[in-house]
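*Asks:* Handing over data29.cif, mmCIF, C-alpha atoms.
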data_final
#
loop_
_atom_site.group_PDB
_atom_site.id
_atom_site.type_symbol
_atom_site.label_atom_id
_atom_site.label_comp_id
_atom_site.auth_asym_id
_atom_site.auth_seq_id
_atom_site.Cartn_x
_atom_site.Cartn_y
_atom_site.Cartn_z
ATOM 1 C CA MET P 16 48.687 171.516 147.847
ATOM 2 C CA GLY P 17 46.979 174.016 145.515
ATOM 3 C CA ASN P 18 45.899 172.431 142.255
ATOM 4 C CA VAL P 19 48.542 169.700 142.318
ATOM 5 C CA LYS P 20 47.049 166.319 143.133
ATOM 6 C CA THR P 21 49.049 163.941 140.925
ATOM 7 C CA ILE P 22 52.837 163.974 140.696
ATOM 8 C CA ALA P 23 54.866 162.046 138.130
ATOM 9 C CA VAL P 24 58.573 161.284 138.417
ATOM 10 C CA LEU P 25 61.047 160.438 135.658
ATOM 11 C CA THR P 26 64.789 159.982 135.187
ATOM 12 C CA SER P 27 66.476 161.414 132.122
ATOM 13 C CA GLY P 28 69.902 161.524 130.490
ATOM 14 C CA GLY P 29 72.765 159.469 131.871
ATOM 15 C CA ASP P 30 72.009 157.248 134.845
ATOM 16 C CA ALA P 31 73.690 157.896 138.186
ATOM 17 C CA PRO P 32 73.951 155.859 141.408
ATOM 18 C CA GLY P 33 71.394 157.212 143.860
ATOM 19 C CA MET P 34 68.664 157.873 141.304
ATOM 20 C CA ASN P 35 66.663 154.997 142.775
ATOM 21 C CA ALA P 36 66.989 156.501 146.246
ATOM 22 C CA ALA P 37 65.621 159.775 144.847
ATOM 23 C CA ILE P 38 62.716 157.986 143.134
ATOM 24 C CA ARG P 39 61.953 156.183 146.382
ATOM 25 C CA ALA P 40 61.957 159.453 148.320
ATOM 26 C CA VAL P 41 59.654 161.192 145.823
ATOM 27 C CA VAL P 42 57.181 158.308 145.881
ATOM 28 C CA ARG P 43 57.107 157.797 149.649
ATOM 29 C CA ALA P 44 57.116 161.502 150.499
ATOM 30 C CA GLY P 45 54.382 162.012 147.907
ATOM 31 C CA ILE P 46 52.207 159.313 149.434
ATOM 32 C CA HIS P 47 52.923 160.685 152.917
ATOM 33 C CA TYR P 48 51.631 164.126 151.898
ATOM 34 C CA GLY P 49 48.568 162.766 150.132
ATOM 35 C CA PHE P 50 49.603 162.951 146.489
ATOM 36 C CA LYS P 51 48.995 160.314 143.852
ATOM 37 C CA VAL P 52 52.401 159.421 142.389
ATOM 38 C CA LEU P 53 53.067 158.077 138.894
ATOM 39 C CA GLY P 54 56.316 156.769 137.433
ATOM 40 C CA ILE P 55 57.271 157.602 133.854
ATOM 41 C CA ARG P 56 59.548 155.011 132.284
ATOM 42 C CA LYS P 57 62.349 155.947 129.839
ATOM 43 C CA GLY P 58 62.337 159.659 130.539
ATOM 44 C CA PHE P 59 60.697 162.198 128.249
ATOM 45 C CA GLU P 60 60.332 159.542 125.555
ATOM 46 C CA GLY P 61 58.140 157.543 127.924
ATOM 47 C CA LEU P 62 56.066 160.638 128.659
ATOM 48 C CA ILE P 63 55.425 161.138 124.939
ATOM 49 C CA HIS P 64 54.312 157.520 124.483
ATOM 50 C CA GLY P 65 52.416 157.103 127.760
ATOM 51 C CA ASP P 66 54.769 154.570 129.347
ATOM 52 C CA ILE P 67 53.416 155.516 132.772
ATOM 53 C CA GLN P 68 52.291 153.566 135.836
ATOM 54 C CA GLU P 69 51.135 154.330 139.352
ATOM 55 C CA MET P 70 53.782 154.002 142.055
ATOM 56 C CA THR P 71 53.173 152.746 145.584
ATOM 57 C CA ALA P 72 55.323 152.431 148.675
ATOM 58 C CA ARG P 73 55.818 148.784 147.769
ATOM 59 C CA THR P 74 56.825 149.645 144.197
ATOM 60 C CA VAL P 75 59.930 151.386 145.508
ATOM 61 C CA GLY P 76 60.768 148.827 148.193
ATOM 62 C CA ASP P 77 64.232 147.255 148.101
ATOM 63 C CA ILE P 78 65.668 149.714 145.566
ATOM 64 C CA ILE P 79 67.639 152.211 147.674
ATOM 65 C CA HIS P 80 70.814 150.123 147.389
ATOM 66 C CA ARG P 81 70.565 149.580 143.636
ATOM 67 C CA GLY P 82 72.494 151.541 141.039
ATOM 68 C CA GLY P 83 70.969 152.745 137.793
ATOM 69 C CA THR P 84 67.280 153.647 137.699
ATOM 70 C CA ILE P 85 64.273 151.352 137.928
ATOM 71 C CA LEU P 86 62.382 153.816 135.713
ATOM 72 C CA GLN P 87 65.112 153.523 133.078
ATOM 73 C CA THR P 88 66.313 156.470 131.042
ATOM 74 C CA THR P 89 66.877 157.475 127.462
ATOM 75 C CA ARG P 90 67.590 160.564 125.402
ATOM 76 C CA SER P 91 64.661 161.649 123.246
ATOM 77 C CA PRO P 92 65.336 163.540 119.988
ATOM 78 C CA LEU P 93 61.565 163.802 119.472
ATOM 79 C CA PHE P 94 61.083 165.623 122.764
ATOM 80 C CA LYS P 95 63.402 168.389 121.538
ATOM 81 C CA THR P 96 60.902 169.278 118.786
ATOM 82 C CA GLU P 97 57.704 171.314 119.096
ATOM 83 C CA GLU P 98 55.739 168.247 118.036
ATOM 84 C CA GLY P 99 57.317 166.123 120.749
ATOM 85 C CA LEU P 100 56.742 168.738 123.451
ATOM 86 C CA HIS P 101 53.065 169.056 122.615
ATOM 87 C CA LYS P 102 52.665 165.267 122.511
ATOM 88 C CA ALA P 103 54.234 165.099 125.971
ATOM 89 C CA MET P 104 51.856 167.737 127.312
ATOM 90 C CA SER P 105 48.868 165.952 125.781
ATOM 91 C CA MET P 106 49.883 162.642 127.353
ATOM 92 C CA ALA P 107 50.314 164.351 130.725
ATOM 93 C CA LYS P 108 46.699 165.523 130.459
ATOM 94 C CA VAL P 109 45.546 161.994 129.597
ATOM 95 C CA PHE P 110 47.080 160.700 132.841
ATOM 96 C CA GLY P 111 45.973 163.705 134.882
ATOM 97 C CA ILE P 112 49.540 164.718 135.733
ATOM 98 C CA ASP P 113 49.692 168.053 137.529
ATOM 99 C CA ALA P 114 53.448 168.170 138.204
ATOM 100 C CA ILE P 115 56.559 166.328 137.028
ATOM 101 C CA VAL P 116 59.715 165.710 139.059
ATOM 102 C CA VAL P 117 62.674 165.382 136.659
ATOM 103 C CA ILE P 118 65.812 163.652 137.965
ATOM 104 C CA GLY P 119 68.786 164.267 135.693
ATOM 105 C CA GLY P 120 71.402 166.679 134.483
ATOM 106 C CA ASP P 121 71.489 170.042 132.781
ATOM 107 C CA GLY P 122 69.943 168.775 129.529
ATOM 108 C CA SER P 123 67.100 167.170 131.455
ATOM 109 C CA PHE P 124 66.451 170.451 133.270
ATOM 110 C CA ARG P 125 66.229 172.291 129.965
ATOM 111 C CA GLY P 126 63.591 169.775 128.906
ATOM 112 C CA ALA P 127 61.773 170.443 132.173
ATOM 113 C CA LEU P 128 61.968 174.175 131.468
ATOM 114 C CA ASP P 129 60.351 173.634 128.054
ATOM 115 C CA LEU P 130 57.453 171.841 129.786
ATOM 116 C CA CYS P 131 57.266 174.605 132.360
ATOM 117 C CA ARG P 132 56.844 177.202 129.588
ATOM 118 C CA LEU P 133 53.895 175.213 128.240
ATOM 119 C CA GLY P 134 52.187 175.303 131.637
ATOM 120 C CA MET P 135 53.385 172.147 133.410
ATOM 121 C CA ASN P 136 54.519 172.371 137.049
ATOM 122 C CA VAL P 137 58.063 170.974 137.241
ATOM 123 C CA ILE P 138 60.710 170.283 139.867
ATOM 124 C CA GLY P 139 64.275 169.285 138.968
ATOM 125 C CA ILE P 140 66.554 167.072 141.060
ATOM 126 C CA PRO P 141 70.258 167.062 140.058
ATOM 127 C CA GLY P 142 71.394 163.546 139.184
ATOM 128 C CA THR P 143 74.685 163.200 137.284
ATOM 129 C CA ILE P 144 78.046 161.733 138.220
ATOM 130 C CA ASP P 145 79.895 164.711 136.687
ATOM 131 C CA ASN P 146 78.809 167.232 139.376
ATOM 132 C CA ASP P 147 78.628 169.838 136.601
ATOM 133 C CA ILE P 148 75.259 171.493 137.315
ATOM 134 C CA ALA P 149 76.016 175.116 138.107
ATOM 135 C CA CYS P 150 73.240 175.830 140.601
ATOM 136 C CA THR P 151 74.199 173.093 143.077
ATOM 137 C CA ASP P 152 77.332 172.191 145.007
ATOM 138 C CA TYR P 153 76.522 168.482 144.721
ATOM 139 C CA THR P 154 74.787 166.151 142.281
ATOM 140 C CA ILE P 155 73.473 162.649 142.997
ATOM 141 C CA GLY P 156 75.934 159.943 141.943
ATOM 142 C CA TYR P 157 79.114 162.016 142.205
ATOM 143 C CA ASP P 158 80.438 160.452 145.407
ATOM 144 C CA THR P 159 79.776 156.886 144.242
ATOM 145 C CA ALA P 160 81.494 157.508 140.903
ATOM 146 C CA MET P 161 84.591 158.911 142.612
ATOM 147 C CA ASN P 162 84.760 155.929 144.961
ATOM 148 C CA THR P 163 84.485 153.574 141.972
ATOM 149 C CA VAL P 164 87.410 155.337 140.317
ATOM 150 C CA GLN P 165 89.443 155.266 143.537
ATOM 151 C CA ASP P 166 88.925 151.523 143.838
ATOM 152 C CA ALA P 167 90.204 151.102 140.274
ATOM 153 C CA ILE P 168 93.236 153.314 141.004
ATOM 154 C CA ASP P 169 94.175 151.195 144.031
ATOM 155 C CA LYS P 170 94.069 148.031 141.918
ATOM 156 C CA ILE P 171 95.911 149.530 138.950
ATOM 157 C CA ARG P 172 98.635 150.876 141.245
ATOM 158 C CA ASP P 173 99.518 147.327 142.320
ATOM 159 C CA THR P 174 100.265 146.179 138.789
ATOM 160 C CA ALA P 175 101.909 149.478 137.817
ATOM 161 C CA TYR P 176 104.381 149.081 140.686
ATOM 162 C CA SER P 177 105.069 145.444 139.824
ATOM 163 C CA HIS P 178 106.063 146.383 136.249
ATOM 164 C CA GLU P 179 107.412 149.888 136.959
ATOM 165 C CA ARG P 180 104.865 151.412 134.622
ATOM 166 C CA CYS P 181 102.950 154.615 134.225
ATOM 167 C CA SER P 182 99.173 154.168 134.348
ATOM 168 C CA VAL P 183 97.121 156.686 132.390
ATOM 169 C CA LEU P 184 93.556 156.482 133.633
ATOM 170 C CA GLU P 185 90.718 158.083 131.670
ATOM 171 C CA VAL P 186 87.705 159.018 133.799
ATOM 172 C CA MET P 187 84.347 160.528 132.913
ATOM 173 C CA GLY P 188 83.853 164.258 132.611
ATOM 174 C CA ARG P 189 83.368 165.399 129.032
ATOM 175 C CA HIS P 190 83.145 169.082 129.883
ATOM 176 C CA ALA P 191 83.972 169.074 133.598
ATOM 177 C CA GLY P 192 87.010 167.823 135.489
ATOM 178 C CA TYR P 193 85.463 167.404 138.945
ATOM 179 C CA ILE P 194 85.932 163.636 139.081
ATOM 180 C CA ALA P 195 89.424 163.862 137.576
ATOM 181 C CA VAL P 196 90.851 166.490 139.906
ATOM 182 C CA ASN P 197 89.427 164.928 143.068
ATOM 183 C CA VAL P 198 90.644 161.404 142.323
ATOM 184 C CA SER P 199 94.033 162.799 141.310
ATOM 185 C CA ILE P 200 94.319 164.074 144.887
ATOM 186 C CA SER P 201 92.895 160.980 146.573
ATOM 187 C CA GLY P 202 94.910 158.662 144.334
ATOM 188 C CA GLY P 203 98.238 160.496 144.593
ATOM 189 C CA ALA P 204 98.569 161.096 140.843
ATOM 190 C CA GLU P 205 101.659 162.682 139.282
ATOM 191 C CA ALA P 206 99.470 164.675 136.888
ATOM 192 C CA VAL P 207 95.857 165.435 136.040
ATOM 193 C CA VAL P 208 94.644 166.537 132.606
ATOM 194 C CA LEU P 209 91.437 168.588 132.612
ATOM 195 C CA PRO P 210 89.063 169.915 129.929
ATOM 196 C CA GLU P 211 89.095 173.278 131.729
ATOM 197 C CA ARG P 212 92.836 173.731 131.120
ATOM 198 C CA THR P 213 94.902 173.868 127.922
ATOM 199 C CA LEU P 214 97.297 170.924 127.953
ATOM 200 C CA ASP P 215 101.053 171.435 127.659
ATOM 201 C CA ILE P 216 102.050 167.788 127.839
ATOM 202 C CA ASP P 217 105.754 168.453 128.391
ATOM 203 C CA VAL P 218 105.135 170.739 131.377
ATOM 204 C CA ASP P 219 101.939 169.198 132.783
ATOM 205 C CA VAL P 220 102.689 165.482 132.340
ATOM 206 C CA ILE P 221 106.200 164.615 131.175
ATOM 207 C CA LYS P 222 108.066 166.886 133.619
ATOM 208 C CA PRO P 223 106.430 165.593 136.847
ATOM 209 C CA ILE P 224 106.918 161.983 135.733
ATOM 210 C CA ILE P 225 110.631 162.526 135.035
ATOM 211 C CA GLU P 226 111.059 164.384 138.322
ATOM 212 C CA GLY P 227 109.374 161.479 140.116
ATOM 213 C CA ARG P 228 111.638 158.941 138.425
ATOM 214 C CA ASN P 229 114.701 160.962 139.392
ATOM 215 C CA ARG P 230 113.556 160.878 143.036
ATOM 216 C CA GLY P 231 113.351 157.090 142.885
ATOM 217 C CA LYS P 232 109.669 156.479 142.119
ATOM 218 C CA LYS P 233 108.810 153.076 140.672
ATOM 219 C CA HIS P 234 105.334 153.736 139.315
ATOM 220 C CA TYR P 235 103.333 156.713 138.076
ATOM 221 C CA LEU P 236 99.710 157.730 137.682
ATOM 222 C CA VAL P 237 98.157 160.246 135.299
ATOM 223 C CA ILE P 238 94.435 161.027 135.449
ATOM 224 C CA VAL P 239 92.762 162.227 132.241
ATOM 225 C CA ALA P 240 89.205 163.572 131.948
ATOM 226 C CA GLU P 241 87.483 162.114 128.891
ATOM 227 C CA GLY P 242 86.787 165.527 127.344
ATOM 228 C CA VAL P 243 90.471 166.308 126.822
ATOM 229 C CA GLU P 244 91.860 166.375 123.293
ATOM 230 C CA GLY P 245 94.539 163.761 122.915
ATOM 231 C CA LYS P 246 92.942 161.321 125.321
ATOM 232 C CA ALA P 247 94.460 158.585 127.468
ATOM 233 C CA ILE P 248 95.782 156.317 124.701
ATOM 234 C CA GLU P 249 97.543 159.151 122.869
ATOM 235 C CA ILE P 250 98.928 160.589 126.102
ATOM 236 C CA ALA P 251 100.243 157.162 127.180
ATOM 237 C CA LYS P 252 102.047 156.748 123.859
ATOM 238 C CA GLU P 253 103.674 160.167 124.175
ATOM 239 C CA ILE P 254 104.813 159.398 127.739
ATOM 240 C CA THR P 255 106.518 156.202 126.534
ATOM 241 C CA ASP P 256 108.113 157.937 123.553
ATOM 242 C CA LYS P 257 109.500 160.838 125.594
ATOM 243 C CA THR P 258 110.501 159.147 128.848
ATOM 244 C CA GLY P 259 111.166 155.517 127.948
ATOM 245 C CA ILE P 260 108.795 154.514 130.751
ATOM 246 C CA GLU P 261 106.203 151.969 129.676
ATOM 247 C CA ALA P 262 102.805 153.671 129.892
ATOM 248 C CA ARG P 263 99.479 151.855 129.683
ATOM 249 C CA ALA P 264 96.093 153.512 129.210
ATOM 250 C CA THR P 265 92.967 152.332 131.016
ATOM 251 C CA ILE P 266 89.577 153.749 130.099
ATOM 252 C CA LEU P 267 87.103 153.139 132.902
ATOM 253 C CA GLY P 268 84.054 154.149 130.868
ATOM 254 C CA HIS P 269 80.571 153.323 132.063
ATOM 255 C CA ILE P 270 81.722 151.275 135.052
ATOM 256 C CA GLN P 271 81.722 154.680 136.783
ATOM 257 C CA ARG P 272 77.958 154.980 136.367
ATOM 258 C CA GLY P 273 77.112 151.676 138.008
ATOM 259 C CA GLY P 274 77.278 150.103 141.406
ATOM 260 C CA SER P 275 75.535 150.433 144.725
ATOM 261 C CA PRO P 276 75.398 154.099 145.825
ATOM 262 C CA THR P 277 77.424 155.250 148.805
ATOM 263 C CA VAL P 278 75.784 156.353 152.049
ATOM 264 C CA HIS P 279 76.374 159.968 151.027
ATOM 265 C CA ASP P 280 74.545 159.530 147.723
ATOM 266 C CA ARG P 281 71.663 157.645 149.334
ATOM 267 C CA VAL P 282 71.154 160.342 151.957
ATOM 268 C CA MET P 283 71.537 163.254 149.527
ATOM 269 C CA ALA P 284 69.127 161.645 147.057
ATOM 270 C CA SER P 285 66.607 161.007 149.828
ATOM 271 C CA MET P 286 66.821 164.572 151.081
ATOM 272 C CA MET P 287 66.467 166.037 147.600
ATOM 273 C CA GLY P 288 63.561 163.750 146.674
ATOM 274 C CA ALA P 289 61.644 164.670 149.812
ATOM 275 C CA LYS P 290 62.417 168.372 149.292
ATOM 276 C CA ALA P 291 60.970 168.187 145.767
ATOM 277 C CA VAL P 292 57.660 166.899 147.095
ATOM 278 C CA GLU P 293 57.610 169.364 149.986
ATOM 279 C CA THR P 294 58.155 172.214 147.526
ATOM 280 C CA LEU P 295 55.045 171.139 145.634
ATOM 281 C CA ARG P 296 53.153 170.662 148.886
ATOM 282 C CA ASP P 297 53.939 174.260 149.787
ATOM 283 C CA GLY P 298 52.392 175.471 146.538
ATOM 284 C CA ASN P 299 55.667 176.150 144.704
ATOM 285 C CA SER P 300 56.796 174.754 141.363
ATOM 286 C CA ASN P 301 59.181 175.369 138.475
ATOM 287 C CA ARG P 302 62.114 174.974 140.864
ATOM 288 C CA ILE P 303 65.444 173.152 140.928
ATOM 289 C CA ILE P 304 66.419 171.365 144.126
ATOM 290 C CA ALA P 305 70.018 172.192 145.019
ATOM 291 C CA PHE P 306 72.581 171.652 147.743
ATOM 292 C CA LYS P 307 74.022 175.041 148.696
ATOM 293 C CA ASP P 308 75.993 176.015 151.804
ATOM 294 C CA ASN P 309 75.281 172.628 153.418
ATOM 295 C CA GLN P 310 71.514 172.945 152.963
ATOM 296 C CA VAL P 311 69.009 171.461 150.523
ATOM 297 C CA VAL P 312 67.177 174.400 148.951
ATOM 298 C CA ASP P 313 64.970 175.142 145.954
ATOM 299 C CA LEU P 314 65.814 177.700 143.264
ATOM 300 C CA ASP P 315 63.862 179.235 140.383
ATOM 301 C CA ILE P 316 64.471 177.025 137.343
ATOM 302 C CA GLU P 317 65.185 179.843 134.901
ATOM 303 C CA GLU P 318 67.612 181.539 137.258
ATOM 304 C CA ALA P 319 69.272 178.228 138.119
ATOM 305 C CA LEU P 320 69.960 177.397 134.482
ATOM 306 C CA LYS P 321 71.647 180.756 133.924
ATOM 307 C CA MET P 322 74.272 180.088 136.609
ATOM 308 C CA GLN P 323 77.896 179.247 135.753
ATOM 309 C CA LYS P 324 80.135 176.774 137.562
ATOM 310 C CA THR P 325 83.926 176.691 137.540
ATOM 311 C CA LEU P 326 86.350 174.108 138.834
ATOM 312 C CA PRO P 327 87.929 175.386 142.085
ATOM 313 C CA GLU P 328 91.444 176.607 141.319
ATOM 314 C CA GLU P 329 92.601 175.564 144.786
ATOM 315 C CA LEU P 330 91.873 171.899 143.998
ATOM 316 C CA ILE P 331 94.020 172.045 140.877
ATOM 317 C CA GLU P 332 96.864 173.682 142.769
ATOM 318 C CA LEU P 333 96.546 171.177 145.631
ATOM 319 C CA SER P 334 96.835 168.304 143.161
ATOM 320 C CA LYS P 335 100.027 169.792 141.729
ATOM 321 C CA MET P 336 101.543 170.525 145.141
ATOM 322 C CA LEU P 337 100.912 167.047 146.545
ATOM 323 C CA SER P 338 102.274 165.281 143.450
ATOM 324 C CA LEU P 339 105.831 166.354 144.365
#
For the file at hand, write its structure as structure tokens.

*Replies:*
Amino acid sequence: MGNVKTIAVLTSGGDAPGMNAAIRAVVRAGIHYGFKVLGIRKGFEGLIHGDIQEMTARTVGDIIHRGGTILQTTRSPLFKTEEGLHKAMSMAKVFGIDAIVVIGGDGSFRGALDLCRLGMNVIGIPGTIDNDIACTDYTIGYDTAMNTVQDAIDKIRDTAYSHERCSVLEVMGRHAGYIAVNVSISGGAEAVVLPERTLDIDVDVIKPIIEGRNRGKKHYLVIVAEGVEGKAIEIAKEITDKTGIEARATILGHIQRGGSPTVHDRVMASMMGAKAVETLRDGNSNRIIAFKDNQVVDLDIEEALKMQKTLPEELIELSKMLSL
């Protein structure tokens, strides 16, 4: 174990289904390997203010099925300052914290890196529904969020057919279209609008809808990632103006973050949480846990944060091909 005796775990940034499963795995694996495990409430803000408590196997009982995070989460402007960082480090010393497991997205990992540079041992676990962390093929919460969207699509399709409408569905993904492109395929959408692509609404949206109508379609679906300029409401209005088809926009919003995690998210979160503790047990730190080539691995945090991730072109082309 080296010099690490006490591990703390926190969740930061946006919540994601499966975070509780990851917390549970960190706590129980930590206890199994002989560590003392602490929970930090409200992310880095809680670390600054000492909102910290010891975790036991019983503390994390009956949480694996729950969405959100029992440790809660917040974004901390103070932590981004030198003053906040040093306050966080001082509080870690007060509680005898030797290593911190940070569950969150890219911004949370950059906060972990700042702590690492001040001498704290850190491990990052990717938890975000957007699946936009470059170093990993999968992030906790992604599968649950997509299934939530698919359930909404199936319900919206019923009413769209009844009224012969076009449904324009805005999903999460401010800078990344992973949710949007996948649910466009699973939901049989006529078009998908992504932040990674420049939108030509006549070619990308209007044309496939008109072609569908001319083939006898009675309802239409357009998926829009939230980061796109001219979002769902504006796109719906333009569809109505140009085609005469009544288009209605639905913005799913934060419903995508909630709900009981899928089996896939529970298992992935459990594997990643245990791997984080095992990495510390083996004397390694300042790592990001990642899912690469069907394996849970650990990567150097600085190298991991330099990686770039692009939306697979084949998914975009598949969505277009199957919308015919």

*Asks:* Just want the 12 Å neighbourhood of Lys324 (chain P), counted on all atoms listed in the file, with same-chain residues fewer than 5 positions away dropped. Output as a list in words.

*Replies:* Asp121, Asn146, Asp147, Ile148, Ala149, Cys150, Thr151, Asp152, Tyr153, His190, Ala191, Gly192, Tyr193, Glu211 and Ala319 of chain P

*Asks:* Smallest atom-to-atom distance to Ser91 (chain P): which of P:Met283, P:Ala103, P:Leu330, P:Leu53, using only C-alpha atoms?

*Replies:* P:Ala103

*Asks:* Just checking: using all atoms listed in the file, which residue out of P:Leu100, P:Ala289, P:Ile38, P:Ala31 ends up closest to Thr71 (chain P)?

*Replies:* P:Ile38

*Asks:* Counting only C-alpha atoms, note down every residue that has an atom within 10 Å of the point (89.2, 157.3, 140.7) (file coordinates), as a PDB file with C-alpha atoms, in the frame of the given file.

*Replies:*
ATOM      1  CA  ALA P 160      81.494 157.508 140.903  1.00  0.00           C
ATOM      2  CA  MET P 161      84.591 158.911 142.612  1.00  0.00           C
ATOM      3  CA  ASN P 162      84.760 155.929 144.961  1.00  0.00           C
ATOM      4  CA  THR P 163      84.485 153.574 141.972  1.00  0.00           C
ATOM      5  CA  VAL P 164      87.410 155.337 140.317  1.00  0.00           C
ATOM      6  CA  GLN P 165      89.443 155.266 143.537  1.00  0.00           C
ATOM      7  CA  ASP P 166      88.925 151.523 143.838  1.00  0.00           C
ATOM      8  CA  ALA P 167      90.204 151.102 140.274  1.00  0.00           C
ATOM      9  CA  ILE P 168      93.236 153.314 141.004  1.00  0.00           C
ATOM     10  CA  ASP P 169      94.175 151.195 144.031  1.00  0.00           C
ATOM     11  CA  LEU P 184      93.556 156.482 133.633  1.00  0.00           C
ATOM     12  CA  GLU P 185      90.718 158.083 131.670  1.00  0.00           C
ATOM     13  CA  VAL P 186      87.705 159.018 133.799  1.00  0.00           C
ATOM     14  CA  MET P 187      84.347 160.528 132.913  1.00  0.00           C
ATOM     15  CA  ILE P 194      85.932 163.636 139.081  1.00  0.00           C
ATOM     16  CA  ALA P 195      89.424 163.862 137.576  1.00  0.00           C
ATOM     17  CA  VAL P 196      90.851 166.490 139.906  1.00  0.00           C
ATOM     18  CA  ASN P 197      89.427 164.928 143.068  1.00  0.00           C
ATOM     19  CA  VAL P 198      90.644 161.404 142.323  1.00  0.00           C
ATOM     20  CA  SER P 199      94.033 162.799 141.310  1.00  0.00           C
ATOM     21  CA  ILE P 200      94.319 164.074 144.887  1.00  0.00           C
ATOM     22  CA  SER P 201      92.895 160.980 146.573  1.00  0.00           C
ATOM     23  CA  GLY P 202      94.910 158.662 144.334  1.00  0.00           C
ATOM     24  CA  ILE P 238      94.435 161.027 135.449  1.00  0.00           C
ATOM     25  CA  LEU P 267      87.103 153.139 132.902  1.00  0.00           C
ATOM     26  CA  GLN P 271      81.722 154.680 136.783  1.00  0.00           C
TER      27      GLN P 271
END

*Asks:* Give me the result of the PyMOL selection byres ((chain P and resi 274) around 7) on this file, residue by residue, as a list of chain:residue names.

*Replies:* P:Pro32, P:Gly82, P:Gly273, P:Ser275, P:Pro276

*Asks:* For the PyMOL selection byres ((chain P and resi 248) around 9), applied here, can you spell out every residue it catches as a list in words?

*Replies:*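 Selected by the PyMOL selection byres ((chain P and resi 248) around 9) here: Val183, Glu185, Gly245, Lys246, Ala247, Glu249, Ile250, Ala251, Lys252, Glu253, Arg263, Ala264, Thr265 and Ile266 of chain P.
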
*Asks:* Using all atoms listed in the file for the distances, tell me which of P:Gly65, P:Asp219, P:Ile140, P:Thr89 is nearest to Ala107 (chain P).

*Replies:*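 The answer is P:Gly65, which sits nearest to Ala107 (chain P).
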
*Asks:* Could you check which of P:Gly29, P:Gly126, P:Pro223, P:Gly49 is closest to Val207 (chain P), using only C-alpha atoms?

*Replies:* P:Pro223

*Asks:* Choose the residue, out of P:Tyr48, P:Ile171, P:Ala127, P:Asp280, that has the smallest atom-to-atom separation from Tyr157 (chain P); count only C-alpha atoms.

*Replies:* P:Asp280

*Asks:* Place a sphere of radius 9 Å on (103.2, 154.4, 133.9) in the file coordinates and name every protein, DNA or RNA residue with an atom inside or on its surface, counting all atoms listed in the file; give the answer as number ranges by chain.

*Replies:* P: 175-176, 178-183, 224, 233-237, 251, 254-255, 260-264

*Asks:* Which one is closest to Asp129 (chain P): P:Lys51, P:Lys108, P:Lys95, P:His279? Count all atoms listed in the file.

*Replies:*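 Comparing P:Lys51, P:Lys108, P:Lys95, P:His279 against Asp129 (chain P), the winner is P:Lys95.
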
*Asks:* What is the CA of Gly45 (chain P)-CA of Thr143 (chain P) distance in Å, reported with one decimal?

*Replies:* 22.9 Å

*Asks:* Using the chain letters and numbers from the file, which residues does the PyMOL selection byres ((chain P and resi 114) around 6) grab, as a compact mmCIF listing (two decimals) with C-alpha atoms, keeping the file's coordinate frame?

*Replies:*
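The result, written out as result39.txt:
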# COMPACT_ATOMS: atom_id res chain seq x y z
CA ILE P 22 52.84 163.97 140.70
CA ILE P 112 49.54 164.72 135.73
CA ASP P 113 49.69 168.05 137.53
CA ILE P 115 56.56 166.33 137.03
CA ASN P 136 54.52 172.37 137.05
CA VAL P 137 58.06 170.97 137.24

*Asks:* Find the distance between CA of Arg296 (chain P) and CA of Met70 (chain P) and write it in Å to one decimal.

*Replies:* 18.0 Å

*Asks:* How many Å separate CA of Val19 (chain P) from CA of Gly99 (chain P)?

*Replies:* 23.6 Å

*Asks:* Find the residues around Arg212 (chain P) up to 10 Å (all atoms listed in the file counted), leave out those fewer than 4 positions away in its own chain, and share them as a PyMOL selection string.

*Replies:* chain P and resi 192+208+243+331
